[in-house]
>>> print(open('query08.pdb').read())   # PDB, C-alpha atoms
ATOM      1  CA  MET A   1      11.153  12.501  10.926  1.00  0.00           C
ATOM      2  CA  ARG A   2      11.231  13.902   7.426  1.00  0.00           C
ATOM      3  CA  VAL A   3       8.449  12.464   5.268  1.00  0.00           C
ATOM      4  CA  VAL A   4       8.790  12.384   1.497  1.00  0.00           C
ATOM      5  CA  PHE A   5       6.312  11.054  -1.008  1.00  0.00           C
ATOM      6  CA  ALA A   6       6.155  10.477  -4.729  1.00  0.00           C
ATOM      7  CA  ASN A   7       3.061  10.813  -6.848  1.00  0.00           C
ATOM      8  CA  ARG A   8       2.481  10.944 -10.593  1.00  0.00           C
ATOM      9  CA  THR A   9       0.792  14.327 -10.299  1.00  0.00           C
ATOM     10  CA  PRO A  10       1.856  17.238  -8.096  1.00  0.00           C
ATOM     11  CA  ARG A  11       0.056  17.289  -4.732  1.00  0.00           C
ATOM     12  CA  PRO A  12       1.080  20.562  -3.065  1.00  0.00           C
ATOM     13  CA  ALA A  13      -1.828  20.270  -0.620  1.00  0.00           C
ATOM     14  CA  PHE A  14      -0.107  17.218   0.894  1.00  0.00           C
ATOM     15  CA  GLU A  15       3.091  19.127   1.553  1.00  0.00           C
ATOM     16  CA  GLY A  16       3.744  20.872   4.818  1.00  0.00           C
ATOM     17  CA  GLU A  17       6.152  21.074   7.689  1.00  0.00           C
ATOM     18  CA  GLY A  18       8.442  18.059   7.427  1.00  0.00           C
ATOM     19  CA  CYS A  19       6.609  16.591   4.411  1.00  0.00           C
ATOM     20  CA  CYS A  20       7.442  17.145   0.754  1.00  0.00           C
ATOM     21  CA  GLN A  21       6.868  15.609  -2.635  1.00  0.00           C
ATOM     22  CA  VAL A  22       9.929  14.339  -4.520  1.00  0.00           C
ATOM     23  CA  SER A  23      10.487  12.372  -7.699  1.00  0.00           C
ATOM     24  CA  PHE A  24      10.157   8.609  -7.460  1.00  0.00           C
ATOM     25  CA  ASP A  25      13.890   8.216  -8.096  1.00  0.00           C
ATOM     26  CA  GLU A  26      14.707  10.692  -5.316  1.00  0.00           C
ATOM     27  CA  LEU A  27      12.389   8.835  -2.952  1.00  0.00           C
ATOM     28  CA  LEU A  28      14.149   5.557  -3.718  1.00  0.00           C
ATOM     29  CA  ALA A  29      17.545   7.140  -3.031  1.00  0.00           C
ATOM     30  CA  CYS A  30      16.693   8.840   0.273  1.00  0.00           C
ATOM     31  CA  ALA A  31      14.030   6.787   2.076  1.00  0.00           C
ATOM     32  CA  ASP A  32      14.805   4.577   5.053  1.00  0.00           C
ATOM     33  CA  ILE A  33      11.299   3.095   4.899  1.00  0.00           C
ATOM     34  CA  ILE A  34       9.186   2.865   1.759  1.00  0.00           C
ATOM     35  CA  THR A  35       5.469   2.281   2.098  1.00  0.00           C
ATOM     36  CA  LEU A  36       3.271   1.650  -0.913  1.00  0.00           C
ATOM     37  CA  HIS A  37      -0.185   3.214  -1.160  1.00  0.00           C
ATOM     38  CA  CYS A  38      -1.148   3.025  -4.816  1.00  0.00           C
ATOM     39  CA  ALA A  39      -3.559   1.129  -7.003  1.00  0.00           C
ATOM     40  CA  ALA A  40      -2.664  -1.815  -9.174  1.00  0.00           C
ATOM     41  CA  ALA A  41      -2.409  -0.586 -12.754  1.00  0.00           C
ATOM     42  CA  PRO A  42      -0.213  -1.345 -15.753  1.00  0.00           C
ATOM     43  CA  GLU A  43       2.054   1.590 -14.848  1.00  0.00           C
ATOM     44  CA  THR A  44       2.479   0.440 -11.234  1.00  0.00           C
ATOM     45  CA  GLU A  45       3.017  -3.273 -11.861  1.00  0.00           C
ATOM     46  CA  ASN A  46       6.406  -4.219 -10.379  1.00  0.00           C
ATOM     47  CA  ILE A  47       7.132  -0.574  -9.533  1.00  0.00           C
ATOM     48  CA  ILE A  48       9.467  -2.077  -6.940  1.00  0.00           C
ATOM     49  CA  ASP A  49      11.702  -4.210  -9.145  1.00  0.00           C
ATOM     50  CA  ALA A  50      15.426  -5.019  -9.229  1.00  0.00           C
ATOM     51  CA  ARG A  51      16.231  -1.597 -10.736  1.00  0.00           C
ATOM     52  CA  ALA A  52      14.245   0.260  -8.075  1.00  0.00           C
ATOM     53  CA  ILE A  53      15.761  -1.821  -5.283  1.00  0.00           C
ATOM     54  CA  ALA A  54      19.283  -1.175  -6.586  1.00  0.00           C
ATOM     55  CA  ALA A  55      18.543   2.575  -6.365  1.00  0.00           C
ATOM     56  CA  MET A  56      17.464   2.298  -2.706  1.00  0.00           C
ATOM     57  CA  LYS A  57      19.616   2.871   0.349  1.00  0.00           C
ATOM     58  CA  ASP A  58      21.209  -0.221   1.827  1.00  0.00           C
ATOM     59  CA  GLY A  59      19.113  -1.460   4.742  1.00  0.00           C
ATOM     60  CA  VAL A  60      15.839   0.017   3.517  1.00  0.00           C
ATOM     61  CA  ARG A  61      12.587  -1.423   4.822  1.00  0.00           C
ATOM     62  CA  ILE A  62       9.576  -1.938   2.551  1.00  0.00           C
ATOM     63  CA  VAL A  63       5.922  -1.982   3.614  1.00  0.00           C
ATOM     64  CA  ASN A  64       3.168  -2.916   1.163  1.00  0.00           C
ATOM     65  CA  THR A  65      -0.467  -2.737   2.221  1.00  0.00           C
ATOM     66  CA  ALA A  66      -1.688  -1.740  -1.238  1.00  0.00           C
ATOM     67  CA  ARG A  67      -1.528  -4.429  -3.937  1.00  0.00           C
ATOM     68  CA  GLY A  68       0.779  -7.412  -4.332  1.00  0.00           C
ATOM     69  CA  THR A  69       1.548  -6.767  -7.995  1.00  0.00           C
ATOM     70  CA  LEU A  70       3.409  -3.558  -7.091  1.00  0.00           C
ATOM     71  CA  ILE A  71       6.455  -5.619  -6.095  1.00  0.00           C
ATOM     72  CA  ASP A  72       8.568  -7.995  -8.162  1.00  0.00           C
ATOM     73  CA  GLU A  73       8.600 -10.741  -5.552  1.00  0.00           C
ATOM     74  CA  GLN A  74      11.759 -12.481  -6.792  1.00  0.00           C
ATOM     75  CA  ALA A  75      13.667  -9.172  -6.827  1.00  0.00           C
ATOM     76  CA  LEU A  76      12.510  -8.461  -3.275  1.00  0.00           C
ATOM     77  CA  ARG A  77      13.492 -11.962  -2.135  1.00  0.00           C
ATOM     78  CA  ASP A  78      16.945 -11.567  -3.655  1.00  0.00           C
ATOM     79  CA  ALA A  79      17.365  -8.196  -1.907  1.00  0.00           C
ATOM     80  CA  LEU A  80      16.217  -9.642   1.425  1.00  0.00           C
ATOM     81  CA  ASP A  81      18.574 -12.602   1.080  1.00  0.00           C
ATOM     82  CA  CYS A  82      21.630 -10.396   0.498  1.00  0.00           C
ATOM     83  CA  GLY A  83      20.646  -7.739   3.057  1.00  0.00           C
ATOM     84  CA  LYS A  84      20.116  -4.868   0.605  1.00  0.00           C
ATOM     85  CA  VAL A  85      16.565  -4.709   2.000  1.00  0.00           C
ATOM     86  CA  ALA A  86      16.668  -5.081   5.788  1.00  0.00           C
ATOM     87  CA  GLY A  87      13.042  -6.127   6.126  1.00  0.00           C
ATOM     88  CA  ALA A  88       9.628  -6.268   4.542  1.00  0.00           C
ATOM     89  CA  ALA A  89       6.118  -6.081   5.973  1.00  0.00           C
ATOM     90  CA  LEU A  90       3.523  -7.215   3.465  1.00  0.00           C
ATOM     91  CA  ASP A  91      -0.238  -7.414   3.799  1.00  0.00           C
ATOM     92  CA  VAL A  92      -0.513  -8.400   0.142  1.00  0.00           C
ATOM     93  CA  ILE A  93       1.268 -10.657  -2.305  1.00  0.00           C
ATOM     94  CA  ALA A  94       0.856 -11.069  -6.052  1.00  0.00           C
ATOM     95  CA  VAL A  95      -1.168 -14.298  -5.857  1.00  0.00           C
ATOM     96  CA  GLU A  96      -3.455 -14.891  -2.888  1.00  0.00           C
ATOM     97  CA  PRO A  97      -3.713 -17.234  -1.190  1.00  0.00           C
ATOM     98  CA  MET A  98       0.038 -17.701  -1.149  1.00  0.00           C
ATOM     99  CA  ARG A  99       1.259 -20.631  -3.213  1.00  0.00           C
ATOM    100  CA  PRO A 100       4.137 -22.874  -2.094  1.00  0.00           C
ATOM    101  CA  GLU A 101       6.327 -21.523  -4.936  1.00  0.00           C
ATOM    102  CA  CYS A 102       6.005 -17.872  -3.852  1.00  0.00           C
ATOM    103  CA  PRO A 103       9.559 -16.507  -3.598  1.00  0.00           C
ATOM    104  CA  LEU A 104       8.671 -14.602  -0.424  1.00  0.00           C
ATOM    105  CA  LEU A 105       7.704 -17.719   1.508  1.00  0.00           C
ATOM    106  CA  GLY A 106      10.319 -18.059   4.244  1.00  0.00           C
ATOM    107  CA  ALA A 107      12.118 -14.845   3.280  1.00  0.00           C
ATOM    108  CA  PRO A 108      14.342 -13.470   6.043  1.00  0.00           C
ATOM    109  CA  ASN A 109      13.158 -10.464   8.068  1.00  0.00           C
ATOM    110  CA  THR A 110       9.737 -10.577   6.436  1.00  0.00           C
ATOM    111  CA  VAL A 111       6.267 -10.470   7.942  1.00  0.00           C
ATOM    112  CA  ILE A 112       3.373 -11.426   5.673  1.00  0.00           C
ATOM    113  CA  THR A 113      -0.190 -11.053   6.878  1.00  0.00           C
ATOM    114  CA  PRO A 114      -3.151 -12.652   5.063  1.00  0.00           C
ATOM    115  CA  HIS A 115      -4.556  -9.408   3.597  1.00  0.00           C
ATOM    116  CA  ILE A 116      -6.875  -8.996   6.555  1.00  0.00           C
ATOM    117  CA  ALA A 117      -4.663  -6.960   8.840  1.00  0.00           C
ATOM    118  CA  TRP A 118      -7.315  -4.220   8.810  1.00  0.00           C
ATOM    119  CA  ALA A 119      -9.972  -6.560  10.207  1.00  0.00           C
ATOM    120  CA  THR A 120      -9.792  -5.873  13.931  1.00  0.00           C
ATOM    121  CA  VAL A 121     -13.011  -6.203  15.908  1.00  0.00           C
ATOM    122  CA  GLU A 122     -13.068  -2.397  16.265  1.00  0.00           C
ATOM    123  CA  ALA A 123     -12.666  -1.811  12.509  1.00  0.00           C
ATOM    124  CA  ARG A 124     -15.393  -4.303  11.633  1.00  0.00           C
ATOM    125  CA  THR A 125     -17.714  -2.801  14.257  1.00  0.00           C
ATOM    126  CA  ARG A 126     -17.234   0.677  12.734  1.00  0.00           C
ATOM    127  CA  LEU A 127     -17.796  -0.712   9.237  1.00  0.00           C
ATOM    128  CA  ILE A 128     -21.074  -2.401  10.222  1.00  0.00           C
ATOM    129  CA  ALA A 129     -22.262   0.785  11.963  1.00  0.00           C
ATOM    130  CA  GLN A 130     -21.492   2.822   8.829  1.00  0.00           C
ATOM    131  CA  ILE A 131     -23.380   0.361   6.627  1.00  0.00           C
ATOM    132  CA  ALA A 132     -26.391   0.501   8.943  1.00  0.00           C
ATOM    133  CA  GLU A 133     -26.345   4.309   8.896  1.00  0.00           C
ATOM    134  CA  ASN A 134     -26.078   4.324   5.077  1.00  0.00           C
ATOM    135  CA  VAL A 135     -29.128   2.059   4.791  1.00  0.00           C
ATOM    136  CA  ARG A 136     -31.032   4.176   7.337  1.00  0.00           C
ATOM    137  CA  ALA A 137     -30.203   7.354   5.393  1.00  0.00           C
ATOM    138  CA  PHE A 138     -31.278   5.770   2.092  1.00  0.00           C
ATOM    139  CA  VAL A 139     -34.636   4.681   3.545  1.00  0.00           C
ATOM    140  CA  GLN A 140     -35.135   8.236   4.848  1.00  0.00           C
ATOM    141  CA  GLY A 141     -34.272   9.698   1.433  1.00  0.00           C
ATOM    142  CA  ARG A 142     -30.996  11.248   2.616  1.00  0.00           C
ATOM    143  CA  SER A 143     -27.654  11.059   0.844  1.00  0.00           C
ATOM    144  CA  ARG A 144     -24.655   9.823   2.812  1.00  0.00           C
ATOM    145  CA  ASN A 145     -21.103   8.950   1.758  1.00  0.00           C
ATOM    146  CA  VAL A 146     -21.854   9.788  -1.881  1.00  0.00           C
ATOM    147  CA  VAL A 147     -18.936   9.017  -4.174  1.00  0.00           C
ATOM    148  CA  ASN A 148     -20.374  10.528  -7.344  1.00  0.00           C
ATOM    149  CA  PRO A 149     -23.034  13.188  -6.648  1.00  0.00           C
ATOM    150  CA  ALA A 150     -23.760  13.518 -10.394  1.00  0.00           C
ATOM    151  CA  VAL A 151     -25.588  10.179 -10.412  1.00  0.00           C
ATOM    152  CA  LEU A 152     -28.101  11.441  -7.831  1.00  0.00           C
ATOM    153  CA  GLY A 153     -29.529  13.893 -10.358  1.00  0.00           C
TER
END
>>> encode(input="query08.pdb", output="structure tokens")
Amino acid sequence: MRVVFANRTPRPAFEGEGCCQVSFDELLACADIITLHCAAAPETENIIDARAIAAMKDGVRIVNTARGTLIDEQALRDALDCGKVAGAALDVIAVEPMRPECPLLGAPNTVITPHIAWATVEARTRLIAQIAENVRAFVQGRSRNVVNPAVLG
């Protein structure tokens, strides 16, 4: 499988055998499956809209586990209804919990999970163990999982 990705800034460290960075427009044109892994921000709101969908290959599949506001839900519904988009797997929607008027409710070839797909027993067990170790390290005066070392002085 050839993997392509788009990012606002060049990420040569992510490139390697079978994986390369392309422009967003090139990604739309060549991808069979598009997965979204970006933050919600003004510049990413509705990044997948009617224009972006029109630029995609027929039969593309879209996966969103990032943020619901990345997708124009009505545009996606329209594309699912006509078959332009073959399927969607969504762990997020724009407004949660889902309202009865959400255009994606009942969309064909669509799976929507309640934004807790990550919450397996194994994942929660690991999370609790990490929290316990972080507290233990703090009590012992050790740093662990530091996001911003500058604040430690």
>>> residues_near_point(input="query08.pdb", point="(9.3, 3.0, 3.4)", cutoff="12 Å", atoms="only C-alpha atoms", output="PyMOL selection string")
chain A and resi 2-6+27-37+48+53+56-57+59-65+85-90
>>> residues_around(input="query08.pdb", residues="Ala39 of chain A", least_positions_apart="6", cutoff="10 Å", atoms="all atoms listed in the file", output="number ranges by chain")
A: 45, 66-70
>>> resolve_selection(input="query08.pdb", expression="the PyMOL selection byres ((chain A and resi 97-104) around 6)", output="ChimeraX atom specification")
/A:74,77,95-96,105,107
>>> write_last_selection(input="query08.pdb", atoms="C-alpha atoms", output="tab-separated table (two decimals), keeping the file's coordinate frame")
chain	number	residue	atom	x	y	z
A	74	GLN	CA	11.76	-12.48	-6.79
A	77	ARG	CA	13.49	-11.96	-2.13
A	95	VAL	CA	-1.17	-14.30	-5.86
A	96	GLU	CA	-3.46	-14.89	-2.89
A	105	LEU	CA	7.70	-17.72	1.51
A	107	ALA	CA	12.12	-14.84	3.28
>>> residues_around(input="query08.pdb", residues="Gln130 of chain A", least_positions_apart="5", cutoff="10 Å", atoms="all atoms listed in the file", output="PDB file with C-alpha atoms, in the frame of the given file")
ATOM      1  CA  ARG A 124     -15.393  -4.303  11.633  1.00  0.00           C
ATOM      2  CA  THR A 125     -17.714  -2.801  14.257  1.00  0.00           C
ATOM      3  CA  VAL A 135     -29.128   2.059   4.791  1.00  0.00           C
ATOM      4  CA  ARG A 136     -31.032   4.176   7.337  1.00  0.00           C
ATOM      5  CA  ARG A 144     -24.655   9.823   2.812  1.00  0.00           C
ATOM      6  CA  ASN A 145     -21.103   8.950   1.758  1.00  0.00           C
TER       7      ASN A 145
END
>>> atom_distance(input="query08.pdb", atom1="atom CA of Arg126 of chain A", atom2="atom CA of Val139 of chain A")
20.1 Å
>>> residues_near_point(input="query08.pdb", point="(1.2, 17.4, 2.3)", cutoff="12 Å", atoms="all atoms listed in the file", output="ChimeraX atom specification")
/A:2-7,10-22
>>> write_last_selection(input="query08.pdb", atoms="C-alpha atoms", output="PDB file, in the frame of the given file")
ATOM      1  CA  ARG A   2      11.231  13.902   7.426  1.00  0.00           C
ATOM      2  CA  VAL A   3       8.449  12.464   5.268  1.00  0.00           C
ATOM      3  CA  VAL A   4       8.790  12.384   1.497  1.00  0.00           C
ATOM      4  CA  PHE A   5       6.312  11.054  -1.008  1.00  0.00           C
ATOM      5  CA  ALA A   6       6.155  10.477  -4.729  1.00  0.00           C
ATOM      6  CA  ASN A   7       3.061  10.813  -6.848  1.00  0.00           C
ATOM      7  CA  PRO A  10       1.856  17.238  -8.096  1.00  0.00           C
ATOM      8  CA  ARG A  11       0.056  17.289  -4.732  1.00  0.00           C
ATOM      9  CA  PRO A  12       1.080  20.562  -3.065  1.00  0.00           C
ATOM     10  CA  ALA A  13      -1.828  20.270  -0.620  1.00  0.00           C
ATOM     11  CA  PHE A  14      -0.107  17.218   0.894  1.00  0.00           C
ATOM     12  CA  GLU A  15       3.091  19.127   1.553  1.00  0.00           C
ATOM     13  CA  GLY A  16       3.744  20.872   4.818  1.00  0.00           C
ATOM     14  CA  GLU A  17       6.152  21.074   7.689  1.00  0.00           C
ATOM     15  CA  GLY A  18       8.442  18.059   7.427  1.00  0.00           C
ATOM     16  CA  CYS A  19       6.609  16.591   4.411  1.00  0.00           C
ATOM     17  CA  CYS A  20       7.442  17.145   0.754  1.00  0.00           C
ATOM     18  CA  GLN A  21       6.868  15.609  -2.635  1.00  0.00           C
ATOM     19  CA  VAL A  22       9.929  14.339  -4.520  1.00  0.00           C
TER      20      VAL A  22
END
>>> residues_around(input="query08.pdb", residues="Asp49 of chain A", least_positions_apart="3", cutoff="9 Å", atoms="all atoms listed in the file", output="list in words")
Asn46, Ala52, Ile53, Ala54, Leu70, Ile71, Asp72, Glu73, Gln74, Ala75 and Leu76 of chain A
>>> write_last_selection(input="query08.pdb", atoms="C-alpha atoms", output="PDB file, in the frame of the given file")
ATOM      1  CA  ASN A  46       6.406  -4.219 -10.379  1.00  0.00           C
ATOM      2  CA  ALA A  52      14.245   0.260  -8.075  1.00  0.00           C
ATOM      3  CA  ILE A  53      15.761  -1.821  -5.283  1.00  0.00           C
ATOM      4  CA  ALA A  54      19.283  -1.175  -6.586  1.00  0.00           C
ATOM      5  CA  LEU A  70       3.409  -3.558  -7.091  1.00  0.00           C
ATOM      6  CA  ILE A  71       6.455  -5.619  -6.095  1.00  0.00           C
ATOM      7  CA  ASP A  72       8.568  -7.995  -8.162  1.00  0.00           C
ATOM      8  CA  GLU A  73       8.600 -10.741  -5.552  1.00  0.00           C
ATOM      9  CA  GLN A  74      11.759 -12.481  -6.792  1.00  0.00           C
ATOM     10  CA  ALA A  75      13.667  -9.172  -6.827  1.00  0.00           C
ATOM     11  CA  LEU A  76      12.510  -8.461  -3.275  1.00  0.00           C
TER      12      LEU A  76
END
>>> axis_aligned_box(input="query08.pdb", around="segment 35-44 of chain A", padding_each_side="5 Å", output="lines of an AutoDock Vina configuration file")
center_x = 1.0
center_y = 0.7
center_z = -6.8
size_x = 19.0
size_y = 15.0
size_z = 27.9
>>> atom_distance(input="query08.pdb", atom1="atom CA of Ile112 of chain A", atom2="atom CA of Val92 of chain A")
7.4 Å
>>> atom_distance(input="query08.pdb", atom1="atom CA of Lys84 of chain A", atom2="atom CA of Asp58 of chain A")
4.9 Å
